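Pasted below: query_34.txt, compact mmCIF, C-alpha atoms.
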# COMPACT_ATOMS: atom_id res chain seq x y z
CA MET A 131 171.97 94.82 80.94
CA PRO A 132 168.17 94.79 81.45
CA GLN A 133 167.16 93.89 84.97
CA LEU A 134 164.84 90.95 85.57
CA SER A 135 161.69 90.47 87.62
CA VAL A 136 160.44 86.98 88.49
CA THR A 137 156.70 86.50 89.00
CA ILE A 138 155.07 83.56 90.79
CA ILE A 139 151.38 82.90 91.48
CA THR A 140 150.47 80.64 94.40
CA LEU A 141 147.70 78.91 96.31
CA ASN A 142 148.73 76.61 99.17
CA GLU A 143 152.23 76.00 97.83
CA ALA A 144 154.11 75.82 101.13
CA ALA A 145 155.79 72.58 100.04
CA HIS A 146 157.25 74.23 96.93
CA ILE A 147 157.52 78.00 97.21
CA GLY A 148 160.77 78.12 99.20
CA ALA A 149 162.72 76.05 96.69
CA ALA A 150 161.17 77.94 93.77
CA ILE A 151 162.29 81.30 95.17
CA ASP A 152 165.74 79.92 96.03
CA SER A 153 166.20 78.89 92.38
CA VAL A 154 165.75 82.53 91.25
CA SER A 155 167.41 84.26 94.19
CA TRP A 156 169.83 85.85 91.70
CA ALA A 157 167.01 87.86 90.06
CA ASP A 158 166.63 91.59 90.68
CA ASP A 159 163.02 91.39 91.82
CA ILE A 160 160.69 88.56 92.93
CA ILE A 161 156.92 89.01 93.15
CA VAL A 162 154.48 86.45 94.56
CA VAL A 163 150.74 86.90 94.02
CA ASP A 164 148.86 84.59 96.36
CA ALA A 165 145.20 83.64 95.97
CA GLY A 166 144.47 83.27 99.69
CA SER A 167 146.59 80.36 100.87
CA THR A 168 145.62 78.74 104.17
CA ASP A 169 149.06 77.20 104.70
CA ASP A 170 152.46 78.90 105.22
CA THR A 171 152.98 79.92 101.57
CA VAL A 172 152.85 83.68 102.23
CA ALA A 173 155.06 83.52 105.33
CA ILE A 174 157.69 81.43 103.57
CA ALA A 175 157.70 83.69 100.50
CA ARG A 176 158.16 86.81 102.63
CA ALA A 177 160.89 85.14 104.68
CA LYS A 178 162.70 84.40 101.41
CA GLY A 179 162.61 88.10 100.51
CA ALA A 180 159.85 88.10 97.89
CA ARG A 181 157.28 90.87 97.59
CA VAL A 182 153.91 89.29 98.28
CA GLU A 183 150.41 90.49 97.43
CA VAL A 184 147.25 88.55 98.26
CA ARG A 185 144.48 88.74 95.65
CA ASP A 186 141.31 86.75 94.97
CA TRP A 187 141.58 84.18 92.19
CA PRO A 188 140.40 85.52 88.78
CA GLY A 189 141.83 82.68 86.65
CA TYR A 190 145.30 81.63 85.55
CA ALA A 191 145.93 84.14 82.78
CA ALA A 192 144.45 87.08 84.66
CA GLN A 193 146.42 86.30 87.82
CA LYS A 194 149.68 85.96 85.91
CA GLN A 195 149.02 89.18 84.00
CA TYR A 196 148.37 90.96 87.28
CA ALA A 197 151.65 89.65 88.70
CA THR A 198 153.37 90.92 85.56
CA SER A 199 151.91 94.37 86.13
CA LEU A 200 153.41 94.50 89.64
CA ALA A 201 156.96 93.84 88.43
CA THR A 202 159.58 96.53 88.91
CA HIS A 203 161.30 95.70 85.61
CA ASP A 204 160.05 95.15 82.06
CA TRP A 205 161.85 91.86 81.51
CA ILE A 206 159.92 89.10 83.22
CA PHE A 207 160.54 85.45 84.00
CA SER A 208 157.28 83.74 84.97
CA LEU A 209 157.84 80.80 87.30
CA ASP A 210 155.27 78.39 88.73
CA ALA A 211 155.68 77.41 92.37
CA ASP A 212 156.34 73.77 91.43
CA GLU A 213 159.14 74.71 89.01
CA ARG A 214 162.86 75.30 89.50
CA VAL A 215 165.30 77.34 87.42
CA THR A 216 168.47 75.27 87.15
CA PRO A 217 171.91 76.94 87.40
CA GLU A 218 172.35 76.21 83.66
CA LEU A 219 169.10 78.00 82.79
CA ALA A 220 169.99 80.90 85.10
CA ARG A 221 173.31 81.35 83.30
CA GLU A 222 171.60 81.24 79.91
CA ILE A 223 169.00 83.83 80.95
CA ARG A 224 171.70 86.16 82.25
CA ALA A 225 173.74 85.67 79.08
CA VAL A 226 170.76 86.63 76.90
CA LEU A 227 170.14 89.77 78.93
CA GLU A 228 173.82 90.72 79.07
CA ALA A 229 174.24 90.34 75.30
CA GLY A 230 171.10 92.36 74.63
CA PRO A 231 167.93 90.40 73.85
CA THR A 232 167.26 89.85 70.15
CA ALA A 233 163.64 88.75 70.75
CA TYR A 234 160.70 89.92 72.83
CA GLY A 235 159.98 86.48 74.24
CA TYR A 236 161.88 83.21 74.76
CA ARG A 237 160.53 79.67 74.97
CA VAL A 238 162.05 77.31 77.51
CA PRO A 239 162.00 73.47 77.40
CA ARG A 240 160.39 72.08 80.55
CA VAL A 241 161.19 68.64 81.97
CA THR A 242 158.88 66.94 84.50
CA PHE A 243 159.91 64.69 87.39
CA HIS A 244 157.30 61.97 87.79
CA LEU A 245 157.14 58.34 88.92
CA GLY A 246 160.72 58.44 90.12
CA ARG A 247 162.46 59.87 87.05
CA TRP A 248 162.83 62.83 84.72
CA ILE A 249 160.47 62.31 81.78
CA ARG A 250 161.90 63.19 78.39
CA THR A 251 159.30 61.35 76.31
CA THR A 252 155.51 61.57 75.71
CA ASP A 253 153.67 64.91 75.72
CA PHE A 254 155.62 65.79 78.86
CA TYR A 255 158.71 66.77 76.88
CA PRO A 256 160.01 69.15 75.75
CA ASP A 257 156.80 71.01 76.72
CA TYR A 258 158.08 74.41 75.56
CA GLN A 259 156.82 77.37 77.60
CA THR A 260 157.29 81.08 76.89
CA ARG A 261 158.53 82.29 80.26
CA LEU A 262 161.15 84.98 79.57
CA PHE A 263 159.59 88.02 77.92
CA ASP A 264 159.48 91.80 77.64
CA ARG A 265 156.11 92.86 79.07
CA ARG A 266 156.04 95.90 76.80
CA HIS A 267 155.58 93.52 73.86
CA ALA A 268 153.83 90.54 75.46
CA ARG A 269 150.81 89.63 77.57
CA TRP A 270 149.15 86.60 79.10
CA GLN A 271 146.13 85.20 77.30
CA GLY A 272 143.73 82.33 77.88
CA ARG A 273 140.55 81.74 79.79
CA LEU A 274 140.08 78.73 82.05
CA VAL A 275 143.07 76.55 81.13
CA HIS A 276 146.11 76.54 78.85
CA GLU A 277 147.18 80.10 79.55
CA SER A 278 150.11 81.31 77.45
CA VAL A 279 152.16 84.38 76.66
CA GLN A 280 151.30 86.18 73.42
CA VAL A 281 154.41 87.90 72.06
CA ASP A 282 154.09 90.73 69.55
CA GLY A 283 157.33 90.39 67.64
CA PRO A 284 160.37 88.10 67.34
CA ARG A 285 160.65 85.07 69.58
CA GLY A 286 163.62 82.95 70.55
CA HIS A 287 164.42 79.68 72.28
CA LEU A 288 166.55 78.83 75.29
CA ARG A 289 168.28 75.45 75.49
CA ALA A 290 168.61 74.82 79.25
CA GLU A 291 165.69 73.05 80.91
CA LEU A 292 163.17 74.35 83.41
CA GLN A 293 162.50 71.67 86.03
CA HIS A 294 158.90 70.81 86.88
CA TYR A 295 157.77 68.91 90.00
CA SER A 296 154.16 68.76 88.92
CA PHE A 297 152.75 65.66 90.66
CA ARG A 298 153.24 64.08 94.08
CA ASP A 299 152.31 60.66 92.71
CA LEU A 300 150.05 58.93 90.21
CA ALA A 301 146.92 59.65 92.26
CA ASP A 302 147.75 63.35 92.23
CA GLN A 303 148.19 63.25 88.45
CA ILE A 304 144.80 61.57 88.00
CA ASP A 305 143.13 64.13 90.30
CA ARG A 306 144.70 66.92 88.24
CA VAL A 307 143.58 65.30 84.98
CA ASN A 308 140.04 65.13 86.32
CA ALA A 309 140.02 68.80 87.35
CA TYR A 310 141.62 70.14 84.16
CA SER A 311 139.39 68.04 81.89
CA SER A 312 136.35 69.71 83.48
CA LEU A 313 137.76 73.16 82.78
CA SER A 314 138.74 72.16 79.24
CA ALA A 315 135.26 70.80 78.54
CA GLN A 316 133.67 74.01 79.79
CA GLN A 317 136.02 76.12 77.69
CA MET A 318 135.34 74.05 74.56
CA PHE A 319 131.59 74.16 75.13
CA GLU A 320 131.61 77.94 75.47
CA ALA A 321 133.67 78.14 72.28
CA GLY A 322 130.96 76.22 70.41
CA ARG A 323 132.68 72.84 70.13
CA ARG A 324 130.67 69.64 70.42
CA SER A 325 131.43 65.96 71.07
CA GLY A 326 130.04 62.62 69.98
CA PRO A 327 130.94 58.91 69.75
CA LEU A 328 133.62 59.45 67.11
CA HIS A 329 135.39 62.03 69.28
CA LEU A 330 135.34 59.67 72.27
CA LEU A 331 136.97 56.94 70.20
CA VAL A 332 139.39 58.75 67.92
CA HIS A 333 140.86 61.52 70.07
CA PRO A 334 141.97 59.33 73.02
CA LEU A 335 143.43 56.73 70.64
CA ALA A 336 145.30 59.41 68.72
CA ALA A 337 146.60 60.84 71.99
CA PHE A 338 147.88 57.44 73.11
CA LEU A 339 149.66 56.78 69.79
CA ARG A 340 151.19 60.25 69.83
CA ASN A 341 152.47 59.80 73.40
CA TYR A 342 153.57 56.19 73.25
CA VAL A 343 154.84 55.88 69.67
CA LEU A 344 155.57 59.27 68.07
CA ARG A 345 156.93 60.79 71.27
CA ARG A 346 158.67 57.59 72.27
CA GLY A 347 156.91 56.79 75.53
CA PHE A 348 157.75 53.14 74.85
CA THR A 349 161.42 53.88 75.58
CA ASP A 350 160.49 54.70 79.20
CA GLY A 351 159.11 51.24 79.88
CA THR A 352 156.24 50.97 82.34
CA VAL A 353 156.56 54.64 83.25
CA GLY A 354 156.14 55.70 79.62
CA LEU A 355 153.20 53.37 79.13
CA THR A 356 151.50 54.64 82.28
CA ILE A 357 151.90 58.30 81.33
CA SER A 358 150.69 57.62 77.78
CA LEU A 359 147.57 55.89 79.10
CA VAL A 360 146.81 58.59 81.67
CA ASN A 361 147.30 61.34 79.08
CA SER A 362 144.91 59.61 76.67
CA TYR A 363 142.45 59.10 79.55
CA GLY A 364 142.53 62.85 80.12
CA VAL A 365 141.61 63.43 76.48
CA PHE A 366 138.73 60.95 76.81
CA LEU A 367 137.45 62.72 79.94
CA LYS A 368 137.60 66.09 78.21
CA PHE A 369 135.41 64.99 75.31
CA ALA A 370 133.12 62.89 77.53
CA LYS A 371 132.49 65.88 79.81
CA LEU A 372 131.90 68.06 76.76
CA TRP A 373 129.29 65.54 75.55
CA GLU A 374 127.71 65.55 79.01
CA ARG A 375 127.47 69.35 79.01
CA GLN A 376 125.78 69.53 75.62
CA ARG A 377 123.38 66.74 76.68
CA GLN A 378 122.44 68.66 79.83
CA ARG A 379 121.75 71.77 77.79
structure tokens encoding of this file:
Amino acid sequence: MPQLSVTIITLNEAAHIGAAIDSVSWADDIIVVDAGSTDDTVAIARAKGARVEVRDWPGYAAQKQYATSLATHDWIFSLDADERVTPELAREIRAVLEAGPTAYGYRVPRVTFHLGRWIRTTDFYPDYQTRLFDRRHARWQGRLVHESVQVDGPRGHLRAELQHYSFRDLADQIDRVNAYSSLSAQQMFEAGRRSGPLHLLVHPLAAFLRNYVLRRGFTDGTVGLTISLVNSYGVFLKFAKLWERQRQR
């Protein structure tokens, strides 16, 4: 059975890191790469038995790739500090490794807890993430946002959910939308994309219809409507900030 390393990157995650490490305490190796936390993140991680290295922040993909390089074993499960591996997912991961993996990377459905409930509608679900992979055939890619694992070869899917405690509240979500839309706009601008009135009208509307209708946000009542509106607002901000950048240039 291949042994498993779990990698986690952190920055001021004292509220989450203990529970994240507890959820993967069954793993053979746990590595935390911290970007200079000023809270108790590092102390908590070390007290939980994780190997910790502090390193300046180079970006999401680069930091996760560095954490991957520190792992003792070739099979990796990448976990964010605000995520939890459920007992069901842990059993499925172990079963895949015990049987002998038939793929080089496995996508996991991720479910987010927000506004008092687990969200299984809108763009929040199933939010598949490639988290279990063989580092000999996979690597992290991406620049400012939307980092992902590129797998060179067959890929599979796991059925058990990865739990995500992404936002403290609605204000935290909106702050995050604002920050990520700035990074997305910068990334699009550097890639040569441009924005105009049609983009500001069509893309947010399409995002709302996708979230609220196609991905059944309407079945979650006010919560689904709120998430659909905030997600479409994030799309509007992204294209508005892209337009602002090109205007400044």
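With distances taken from (152.4, 78.4, 104.9) and restricted to all atoms listed in the file, the residues inside 10 Å are Leu141, Asn142, Glu143, Ala144, Ala145, Ile147, Ser167, Thr168, Asp169, Asp170, Thr171, Val172, Ala173, Ile174 and Ala175 of chain A.
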_Residue nearest A:Gln316 among A:Thr198, A:Thr242, A:Thr349, A:Gln376 (counting all atoms listed in the file)_ =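 Of the candidates, the smallest distance to A:Gln316 is held by A:Gln376.
Using all atoms listed in the file, the contacts of stretch 260-264 of chain A at a cut-off of 7 Å, with sequence neighbours closer than 3 positions omitted, comprise Asp204, Trp205, Ile206, Phe207, Ser208, Tyr234, Gly235, Tyr236, Arg237, Val238, His267, Ala268 and Val279 of chain A.
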_Between A:Gly148, A:Gly166, A:Gly351, A:Pro239, which residue has the minimum interatomic distance to A:Lys178, considering only C-alpha atoms?_
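Of A:Gly148, A:Gly166, A:Gly351, A:Pro239, the one nearest A:Lys178 is A:Gly148, counting only C-alpha atoms.
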*In Å, with one decimal, what is the gap from atom CA of A:Arg324 to atom CA of A:Arg379?*
11.8 Å
*Which residue out of A:Leu359, A:Ala321, A:Ala336, A:Val154 has the minimum interatomic distance to A:Leu209 when only C-alpha atoms are used?*
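Between A:Leu359, A:Ala321, A:Ala336, A:Val154, the residue approaching A:Leu209 most closely is A:Val154.
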_When you count only C-alpha atoms, which of these residues is closest to A:Arg375: A:His203, A:Arg247, A:Arg323, A:His294?_
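Once distances to A:Arg375 are computed over only C-alpha atoms, the minimum belongs to A:Arg323.
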*How far is it from atom CA of A:Arg306 to atom CA of A:Ala177, in Å with one decimal?*
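Between these atoms lies a distance of 29.4 Å.
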*For A:Thr202: contacts at 10 Å, all atoms listed in the file, fewer than 5 positions along chain excluded, given as a ChimeraX atom specification*: /A:133-136,158-161
Tell me, as a short mmCIF file (atom, residue, chain, number, x, y, z; two decimals) with C-alpha atoms, in the coordinates of the input, which residues lie within 8 Å of A:Ser312, counting only C-alpha atoms; anything in the same chain fewer than 6 positions away does not count.
data_model
loop_
_atom_site.label_atom_id
_atom_site.label_comp_id
_atom_site.auth_asym_id
_atom_site.auth_seq_id
_atom_site.Cartn_x
_atom_site.Cartn_y
_atom_site.Cartn_z
CA LEU A 367 137.45 62.72 79.94
CA LYS A 368 137.60 66.09 78.21
CA LYS A 371 132.49 65.88 79.81
#
*asked:* Between atom CA of A:Pro256 and atom CA of A:Asn341, what is the distance in Å, rounded to a tenth?
replied: 12.2 Å
